[in-house]
Amino acid sequence: KARLTVQLARVTSRIGDLNMTNGNYGDALGEFEQVLRLREEQRDESVSAQCKLADTNLQVAFAYLEHSRSNPGADVLVESTDGTTTRIASASECRPQLEAYHQRAATILKDLIQRLRDQRRPIDNLSDDEKADISDLMHELQRFGQEADGIE
């Protein structure tokens with residue numbers, strides 16, 4: 001079951017990425033929220049899993065950010081196949097939401113690094129993939145902070 005959950009999270013995340021590319025930010029938020037639930041249910045404390053969890057929080061934050069840029073002052077809406085529309089977030093909720101998800105991603109990374117210190121696992125002793133995951137996440141957190149400063 002765990003392996004299937006990991007695969008479902010990966011596929012769902014890719015669908016979210018596709019929705020981001022197509023400007024369907026509400027749909028992307030729905031997909032990324034589902035990925036978050038799947039990854040949280042795993043309760044995997046590995047470096048890779050924690051980086052993926054933090055990254056998924058950043059994906060949600062970026063979806064709110066891109067929606068706010070592309071649709072200033074607009075609610076985040078999703079239209080279902082039957083034509084009904086659901087509001088994911090009001091326009092006034094976008095900024096607090098993107099900040100909360102960004103902060104959550106930063107906290108997950110900070111806690112991971114602290115846990116590695118507590119376990120006396122220097123970063124130099126991590127695998128190249130684990131180091132790359134942490135480095136990429138740090139870069140994305142910084143990039144998000146810079147981009148979020150540009151919106152109101």
# chains A, B, ... in the order shown; residues from 1 in each chain; ligands from 1

call {"tool": "select_by_dssp", "arguments": {"residues": "stretch 4-143 of chain A", "states": "alpha helix (DSSP H)", "output": "PyMOL selection string"}}
result
chain A and resi 4-21+25-42+47-70+91-118+128-143

call {"tool": "residues_around", "arguments": {"residues": "A:Tyr64", "least_positions_apart": "2", "cutoff": "8 Å", "atoms": "only C-alpha atoms", "output": "ChimeraX atom specification"}}
result
/A:25,29,60-62,66-68,94-95,97-98

call {"tool": "atom_distance", "arguments": {"atom1": "atom CA of A:Ile15", "atom2": "atom CA of A:Gln59"}}
result
12.0 Å

call {"tool": "closest_atom_pairs", "arguments": {"of": "stretch 43-148 of chain A", "to": "stretch 36-39 of chain A", "cutoff": "12 Å", "atoms": "only C-alpha atoms", "output": "JSON lines"}}
result
{"residue": "A:Arg43", "atom": "CA", "partner": "A:Arg39", "partner_atom": "CA", "distance": 7.1}
{"residue": "A:Asp44", "atom": "CA", "partner": "A:Arg39", "partner_atom": "CA", "distance": 7.9}
{"residue": "A:Glu45", "atom": "CA", "partner": "A:Arg39", "partner_atom": "CA", "distance": 10.6}
{"residue": "A:Ser46", "atom": "CA", "partner": "A:Arg39", "partner_atom": "CA", "distance": 11.8}
{"residue": "A:Ser48", "atom": "CA", "partner": "A:Arg39", "partner_atom": "CA", "distance": 11.4}
{"residue": "A:Ala49", "atom": "CA", "partner": "A:Arg39", "partner_atom": "CA", "distance": 7.8}
{"residue": "A:Gln50", "atom": "CA", "partner": "A:Arg39", "partner_atom": "CA", "distance": 8.9}
{"residue": "A:Cys51", "atom": "CA", "partner": "A:Arg39", "partner_atom": "CA", "distance": 10.7}
{"residue": "A:Lys52", "atom": "CA", "partner": "A:Arg39", "partner_atom": "CA", "distance": 8.0}
{"residue": "A:Leu53", "atom": "CA", "partner": "A:Arg39", "partner_atom": "CA", "distance": 6.2}
{"residue": "A:Ala54", "atom": "CA", "partner": "A:Leu36", "partner_atom": "CA", "distance": 9.2}
{"residue": "A:Asp55", "atom": "CA", "partner": "A:Leu36", "partner_atom": "CA", "distance": 9.6}
{"residue": "A:Thr56", "atom": "CA", "partner": "A:Leu36", "partner_atom": "CA", "distance": 6.2}
{"residue": "A:Asn57", "atom": "CA", "partner": "A:Leu36", "partner_atom": "CA", "distance": 7.2}
{"residue": "A:Leu58", "atom": "CA", "partner": "A:Leu36", "partner_atom": "CA", "distance": 10.5}
{"residue": "A:Gln59", "atom": "CA", "partner": "A:Leu36", "partner_atom": "CA", "distance": 9.8}
{"residue": "A:Val60", "atom": "CA", "partner": "A:Leu36", "partner_atom": "CA", "distance": 9.0}
{"residue": "A:Tyr101", "atom": "CA", "partner": "A:Leu36", "partner_atom": "CA", "distance": 11.0}
{"residue": "A:Arg104", "atom": "CA", "partner": "A:Leu36", "partner_atom": "CA", "distance": 11.7}
{"residue": "A:Ala105", "atom": "CA", "partner": "A:Leu36", "partner_atom": "CA", "distance": 11.3}

call {"tool": "residues_around", "arguments": {"residues": "A:Ser135", "least_positions_apart": "2", "cutoff": "12 Å", "atoms": "only C-alpha atoms", "output": "list in words"}}
result
Val47, Ser48, Cys51, Asp55, Leu109, Ile113, Ile123, Leu126, Asp128, Asp129, Glu130, Lys131, Ala132, Asp133, Leu137, Met138, His139, Glu140, Leu141 and Gln142 of chain A

call {"tool": "write_last_selection", "arguments": {"atoms": "all heavy atoms", "output": "compact mmCIF listing (two decimals), in the first residue's frame"}}
result
# COMPACT_ATOMS: atom_id res chain seq x y z
N VAL A 47 14.89 11.76 4.84
CA VAL A 47 15.25 13.07 4.27
C VAL A 47 14.46 13.31 3.00
O VAL A 47 13.86 14.37 2.81
CB VAL A 47 16.78 13.15 4.02
CG1 VAL A 47 17.14 14.41 3.23
CG2 VAL A 47 17.55 13.10 5.33
N SER A 48 14.43 12.34 2.12
CA SER A 48 13.73 12.48 0.85
C SER A 48 12.25 12.77 1.05
O SER A 48 11.68 13.67 0.43
CB SER A 48 13.91 11.21 0.01
OG SER A 48 13.15 11.27 -1.16
N CYS A 51 11.65 16.26 2.47
CA CYS A 51 11.85 17.28 1.43
C CYS A 51 10.67 17.31 0.47
O CYS A 51 10.23 18.39 0.06
CB CYS A 51 13.16 17.03 0.69
SG CYS A 51 14.64 17.46 1.65
N ASP A 55 8.32 20.41 -0.16
CA ASP A 55 8.15 20.86 -1.54
C ASP A 55 6.67 20.94 -1.93
O ASP A 55 6.25 21.87 -2.61
CB ASP A 55 8.91 19.94 -2.50
CG ASP A 55 8.82 20.42 -3.93
OD1 ASP A 55 9.31 21.52 -4.22
OD2 ASP A 55 8.21 19.70 -4.76
N LEU A 109 11.68 21.97 6.68
CA LEU A 109 13.11 21.92 6.36
C LEU A 109 13.94 22.21 7.61
O LEU A 109 14.92 21.49 7.88
CB LEU A 109 13.45 22.90 5.25
CG LEU A 109 14.93 22.94 4.86
CD1 LEU A 109 15.40 21.57 4.36
CD2 LEU A 109 15.17 24.01 3.81
N ILE A 113 16.65 19.61 9.35
CA ILE A 113 18.07 19.92 9.60
C ILE A 113 18.39 19.79 11.08
O ILE A 113 19.44 19.24 11.45
CB ILE A 113 18.41 21.31 9.03
CG1 ILE A 113 18.35 21.25 7.50
CG2 ILE A 113 19.78 21.78 9.51
CD1 ILE A 113 18.45 22.59 6.80
N ILE A 123 25.60 17.03 7.28
CA ILE A 123 25.09 17.09 5.91
C ILE A 123 26.09 16.44 4.95
O ILE A 123 25.67 15.82 3.97
CB ILE A 123 24.77 18.54 5.54
CG1 ILE A 123 23.68 19.04 6.45
CG2 ILE A 123 24.46 18.69 4.06
CD1 ILE A 123 22.59 19.85 5.91
N LEU A 126 25.35 12.83 4.12
CA LEU A 126 24.13 12.45 3.40
C LEU A 126 24.48 12.02 1.98
O LEU A 126 25.53 12.38 1.44
CB LEU A 126 23.16 13.63 3.35
CG LEU A 126 22.65 14.16 4.69
CD1 LEU A 126 21.79 15.39 4.46
CD2 LEU A 126 21.88 13.10 5.44
N ASP A 128 24.26 12.05 -2.11
CA ASP A 128 24.21 13.18 -3.04
C ASP A 128 22.77 13.59 -3.34
O ASP A 128 22.47 14.78 -3.45
CB ASP A 128 24.95 12.84 -4.35
CG ASP A 128 26.46 12.78 -4.16
OD1 ASP A 128 26.96 13.32 -3.15
OD2 ASP A 128 27.12 12.21 -5.04
N ASP A 129 21.88 12.61 -3.47
CA ASP A 129 20.47 12.92 -3.72
C ASP A 129 19.84 13.67 -2.55
O ASP A 129 19.09 14.62 -2.76
CB ASP A 129 19.66 11.64 -3.98
CG ASP A 129 19.94 11.04 -5.35
OD1 ASP A 129 20.50 11.75 -6.22
OD2 ASP A 129 19.60 9.86 -5.56
N GLU A 130 20.16 13.25 -1.33
CA GLU A 130 19.61 13.94 -0.16
C GLU A 130 20.14 15.37 -0.06
O GLU A 130 19.38 16.30 0.22
CB GLU A 130 19.96 13.17 1.12
CG GLU A 130 19.23 11.85 1.25
CD GLU A 130 19.72 11.00 2.39
OE1 GLU A 130 20.93 11.04 2.72
OE2 GLU A 130 18.88 10.27 2.97
N LYS A 131 21.43 15.54 -0.33
CA LYS A 131 22.01 16.89 -0.32
C LYS A 131 21.34 17.76 -1.39
O LYS A 131 21.03 18.93 -1.14
CB LYS A 131 23.52 16.84 -0.58
CG LYS A 131 24.33 16.33 0.59
CD LYS A 131 25.80 16.44 0.24
CE LYS A 131 26.50 15.18 0.64
NZ LYS A 131 27.91 15.19 0.29
N ALA A 132 21.13 17.19 -2.56
CA ALA A 132 20.49 17.94 -3.65
C ALA A 132 19.06 18.31 -3.29
O ALA A 132 18.62 19.43 -3.55
CB ALA A 132 20.53 17.13 -4.95
N ASP A 133 18.33 17.38 -2.65
CA ASP A 133 16.95 17.66 -2.23
C ASP A 133 16.92 18.85 -1.27
O ASP A 133 16.10 19.76 -1.43
CB ASP A 133 16.32 16.44 -1.55
CG ASP A 133 15.97 15.32 -2.51
OD1 ASP A 133 15.93 15.57 -3.73
OD2 ASP A 133 15.72 14.20 -2.02
N LEU A 137 15.47 22.61 -2.18
CA LEU A 137 14.39 23.14 -1.35
C LEU A 137 14.77 24.50 -0.76
O LEU A 137 13.95 25.42 -0.76
CB LEU A 137 14.06 22.14 -0.25
CG LEU A 137 12.82 22.40 0.58
CD1 LEU A 137 11.59 22.61 -0.30
CD2 LEU A 137 12.59 21.24 1.53
N MET A 138 15.99 24.63 -0.29
CA MET A 138 16.44 25.92 0.24
C MET A 138 16.36 27.00 -0.83
O MET A 138 15.90 28.12 -0.58
CB MET A 138 17.86 25.80 0.80
CG MET A 138 17.93 24.95 2.05
SD MET A 138 19.62 24.64 2.59
CE MET A 138 19.88 26.10 3.57
N HIS A 139 16.79 26.66 -2.04
CA HIS A 139 16.74 27.60 -3.15
C HIS A 139 15.30 28.00 -3.47
O HIS A 139 14.99 29.18 -3.67
CB HIS A 139 17.42 27.00 -4.38
CG HIS A 139 17.28 27.82 -5.61
ND1 HIS A 139 17.98 28.98 -5.83
CD2 HIS A 139 16.47 27.66 -6.69
CE1 HIS A 139 17.61 29.50 -6.98
NE2 HIS A 139 16.71 28.72 -7.53
N GLU A 140 14.40 27.02 -3.52
CA GLU A 140 12.99 27.29 -3.84
C GLU A 140 12.32 28.13 -2.75
O GLU A 140 11.50 29.00 -3.06
CB GLU A 140 12.21 25.99 -4.08
CG GLU A 140 12.56 25.31 -5.39
CD GLU A 140 12.27 26.20 -6.59
OE1 GLU A 140 11.14 26.70 -6.73
OE2 GLU A 140 13.20 26.40 -7.40
N LEU A 141 12.66 27.88 -1.51
CA LEU A 141 12.11 28.69 -0.42
C LEU A 141 12.54 30.15 -0.57
O LEU A 141 11.73 31.06 -0.41
CB LEU A 141 12.56 28.15 0.94
CG LEU A 141 11.81 26.92 1.44
CD1 LEU A 141 12.60 26.24 2.56
CD2 LEU A 141 10.43 27.29 1.92
N GLN A 142 13.79 30.34 -0.90
CA GLN A 142 14.31 31.70 -1.08
C GLN A 142 13.64 32.36 -2.29
O GLN A 142 13.21 33.51 -2.22
CB GLN A 142 15.82 31.68 -1.25
CG GLN A 142 16.42 33.05 -1.41
CD GLN A 142 17.92 33.00 -1.56
OE1 GLN A 142 18.50 32.01 -2.00
NE2 GLN A 142 18.58 34.09 -1.20

call {"tool": "select_by_dssp", "arguments": {"residues": "chain A", "states": "strand (DSSP E)", "output": "PDB file with all heavy atoms, in the first residue's frame"}}
result
ATOM      1  N   VAL A  76     -10.382  32.036  -5.691  1.00  0.00           N
ATOM      2  CA  VAL A  76      -9.872  30.828  -6.335  1.00  0.00           C
ATOM      3  C   VAL A  76     -11.054  29.886  -6.501  1.00  0.00           C
ATOM      4  O   VAL A  76     -11.651  29.451  -5.516  1.00  0.00           O
ATOM      5  CB  VAL A  76      -8.771  30.145  -5.494  1.00  0.00           C
ATOM      6  CG1 VAL A  76      -8.233  28.923  -6.226  1.00  0.00           C
ATOM      7  CG2 VAL A  76      -7.655  31.114  -5.153  1.00  0.00           C
ATOM      8  N   LEU A  77     -11.392  29.608  -7.765  1.00  0.00           N
ATOM      9  CA  LEU A  77     -12.564  28.794  -8.077  1.00  0.00           C
ATOM     10  C   LEU A  77     -12.166  27.546  -8.852  1.00  0.00           C
ATOM     11  O   LEU A  77     -11.195  27.558  -9.611  1.00  0.00           O
ATOM     12  CB  LEU A  77     -13.559  29.595  -8.913  1.00  0.00           C
ATOM     13  CG  LEU A  77     -14.031  30.924  -8.318  1.00  0.00           C
ATOM     14  CD1 LEU A  77     -14.859  31.687  -9.340  1.00  0.00           C
ATOM     15  CD2 LEU A  77     -14.803  30.706  -7.039  1.00  0.00           C
ATOM     16  N   VAL A  78     -12.966  26.487  -8.674  1.00  0.00           N
ATOM     17  CA  VAL A  78     -12.789  25.255  -9.427  1.00  0.00           C
ATOM     18  C   VAL A  78     -14.137  24.888 -10.010  1.00  0.00           C
ATOM     19  O   VAL A  78     -15.152  24.913  -9.304  1.00  0.00           O
ATOM     20  CB  VAL A  78     -12.288  24.102  -8.529  1.00  0.00           C
ATOM     21  CG1 VAL A  78     -12.229  22.805  -9.296  1.00  0.00           C
ATOM     22  CG2 VAL A  78     -10.949  24.419  -7.927  1.00  0.00           C
ATOM     23  N   GLU A  79     -14.136  24.577 -11.294  1.00  0.00           N
ATOM     24  CA  GLU A  79     -15.377  24.151 -11.936  1.00  0.00           C
ATOM     25  C   GLU A  79     -15.341  22.642 -12.102  1.00  0.00           C
ATOM     26  O   GLU A  79     -14.369  22.076 -12.608  1.00  0.00           O
ATOM     27  CB  GLU A  79     -15.540  24.819 -13.303  1.00  0.00           C
ATOM     28  CG  GLU A  79     -16.907  24.593 -13.886  1.00  0.00           C
ATOM     29  CD  GLU A  79     -17.156  25.393 -15.143  1.00  0.00           C
ATOM     30  OE1 GLU A  79     -16.685  26.545 -15.207  1.00  0.00           O
ATOM     31  OE2 GLU A  79     -17.811  24.856 -16.045  1.00  0.00           O
ATOM     32  N   THR A  85     -19.539  25.322  -9.654  1.00  0.00           N
ATOM     33  CA  THR A  85     -18.308  26.014  -9.285  1.00  0.00           C
ATOM     34  C   THR A  85     -18.156  25.983  -7.768  1.00  0.00           C
ATOM     35  O   THR A  85     -19.118  26.235  -7.038  1.00  0.00           O
ATOM     36  CB  THR A  85     -18.337  27.472  -9.776  1.00  0.00           C
ATOM     37  OG1 THR A  85     -18.495  27.464 -11.196  1.00  0.00           O
ATOM     38  CG2 THR A  85     -17.066  28.200  -9.428  1.00  0.00           C
ATOM     39  N   THR A  86     -16.954  25.692  -7.319  1.00  0.00           N
ATOM     40  CA  THR A  86     -16.642  25.663  -5.900  1.00  0.00           C
ATOM     41  C   THR A  86     -15.543  26.668  -5.616  1.00  0.00           C
ATOM     42  O   THR A  86     -14.545  26.712  -6.339  1.00  0.00           O
ATOM     43  CB  THR A  86     -16.160  24.254  -5.467  1.00  0.00           C
ATOM     44  OG1 THR A  86     -17.173  23.310  -5.807  1.00  0.00           O
ATOM     45  CG2 THR A  86     -15.867  24.197  -3.985  1.00  0.00           C
ATOM     46  N   ARG A  87     -15.740  27.453  -4.579  1.00  0.00           N
ATOM     47  CA  ARG A  87     -14.710  28.410  -4.174  1.00  0.00           C
ATOM     48  C   ARG A  87     -13.727  27.705  -3.248  1.00  0.00           C
ATOM     49  O   ARG A  87     -14.103  27.191  -2.217  1.00  0.00           O
ATOM     50  CB  ARG A  87     -15.332  29.611  -3.471  1.00  0.00           C
ATOM     51  CG  ARG A  87     -14.285  30.686  -3.174  1.00  0.00           C
ATOM     52  CD  ARG A  87     -14.890  31.909  -2.587  1.00  0.00           C
ATOM     53  NE  ARG A  87     -15.294  31.582  -1.223  1.00  0.00           N
ATOM     54  CZ  ARG A  87     -15.792  32.442  -0.375  1.00  0.00           C
ATOM     55  NH1 ARG A  87     -16.007  33.687  -0.732  1.00  0.00           N
ATOM     56  NH2 ARG A  87     -16.130  32.075   0.842  1.00  0.00           N
ATOM     57  N   ILE A  88     -12.462  27.703  -3.644  1.00  0.00           N
ATOM     58  CA  ILE A  88     -11.394  27.116  -2.832  1.00  0.00           C
ATOM     59  C   ILE A  88     -10.946  28.120  -1.771  1.00  0.00           C
ATOM     60  O   ILE A  88     -10.692  27.764  -0.633  1.00  0.00           O
ATOM     61  CB  ILE A  88     -10.184  26.731  -3.713  1.00  0.00           C
ATOM     62  CG1 ILE A  88     -10.591  25.735  -4.792  1.00  0.00           C
ATOM     63  CG2 ILE A  88      -9.035  26.207  -2.885  1.00  0.00           C
ATOM     64  CD1 ILE A  88     -10.968  24.384  -4.301  1.00  0.00           C
ATOM     65  N   ALA A  89     -10.847  29.376  -2.182  1.00  0.00           N
ATOM     66  CA  ALA A  89     -10.424  30.437  -1.259  1.00  0.00           C
ATOM     67  C   ALA A  89     -10.913  31.772  -1.802  1.00  0.00           C
ATOM     68  O   ALA A  89     -10.979  31.968  -3.016  1.00  0.00           O
ATOM     69  CB  ALA A  89      -8.914  30.458  -1.120  1.00  0.00           C
TER      70      ALA A  89
END

call {"tool": "residues_around", "arguments": {"residues": "A:Thr5", "least_positions_apart": "4", "cutoff": "10 Å", "atoms": "only C-alpha atoms", "output": "compact mmCIF listing (two decimals) with N, CA, C and O atoms, in the first residue's frame"}}
result
# COMPACT_ATOMS: atom_id res chain seq x y z
N LYS A 1 0.82 -1.20 0.00
CA LYS A 1 0.00 0.00 0.00
C LYS A 1 0.87 1.26 0.00
O LYS A 1 0.54 2.23 -0.68
N ALA A 9 0.82 9.82 -5.19
CA ALA A 9 1.25 11.19 -4.87
C ALA A 9 2.07 11.77 -6.02
O ALA A 9 1.89 12.94 -6.38
N ARG A 10 2.96 10.99 -6.59
CA ARG A 10 3.79 11.47 -7.70
C ARG A 10 2.93 11.83 -8.92
O ARG A 10 3.10 12.89 -9.52
N VAL A 11 2.02 10.96 -9.28
CA VAL A 11 1.16 11.20 -10.44
C VAL A 11 0.26 12.41 -10.20
O VAL A 11 0.11 13.28 -11.07
N VAL A 35 -2.03 15.62 -2.69
CA VAL A 35 -0.67 15.11 -2.53
C VAL A 35 -0.21 15.31 -1.09
O VAL A 35 0.40 14.42 -0.49
N LEU A 38 -1.73 12.67 1.10
CA LEU A 38 -1.09 11.37 0.88
C LEU A 38 0.30 11.30 1.54
O LEU A 38 0.64 10.31 2.18
N ARG A 39 1.06 12.36 1.39
CA ARG A 39 2.42 12.37 1.95
C ARG A 39 2.40 12.45 3.48
O ARG A 39 3.23 11.87 4.15
N GLU A 41 0.04 11.21 5.38
CA GLU A 41 -0.41 9.90 5.85
C GLU A 41 0.74 8.89 5.91
O GLU A 41 0.71 7.97 6.72
N GLN A 42 1.74 9.08 5.08
CA GLN A 42 2.87 8.15 5.03
C GLN A 42 3.69 8.20 6.32
O GLN A 42 4.28 7.20 6.70

call {"tool": "closest_residue", "arguments": {"among": "A:Asp75, A:Ala148, A:Ala63, A:Gln7", "to": "A:Glu31", "atoms": "only C-alpha atoms"}}
result
A:Ala63

call {"tool": "closest_residue", "arguments": {"among": "A:Gly83, A:Gly30, A:Pro72, A:Pro122", "to": "A:Ile151", "atoms": "only C-alpha atoms"}}
result
A:Pro72

call {"tool": "closest_residue", "arguments": {"among": "A:Gly26, A:Glu40, A:Asp149, A:Arg3", "to": "A:Ser90", "atoms": "only C-alpha atoms"}}
result
A:Gly26

call {"tool": "closest_residue", "arguments": {"among": "A:Ala74, A:Ala2, A:Ala91, A:Ile134", "to": "A:Leu112", "atoms": "only C-alpha atoms"}}
result
A:Ile134

call {"tool": "atom_distance", "arguments": {"atom1": "atom CA of A:Thr21", "atom2": "atom CA of A:Glu99"}}
result
21.5 Å
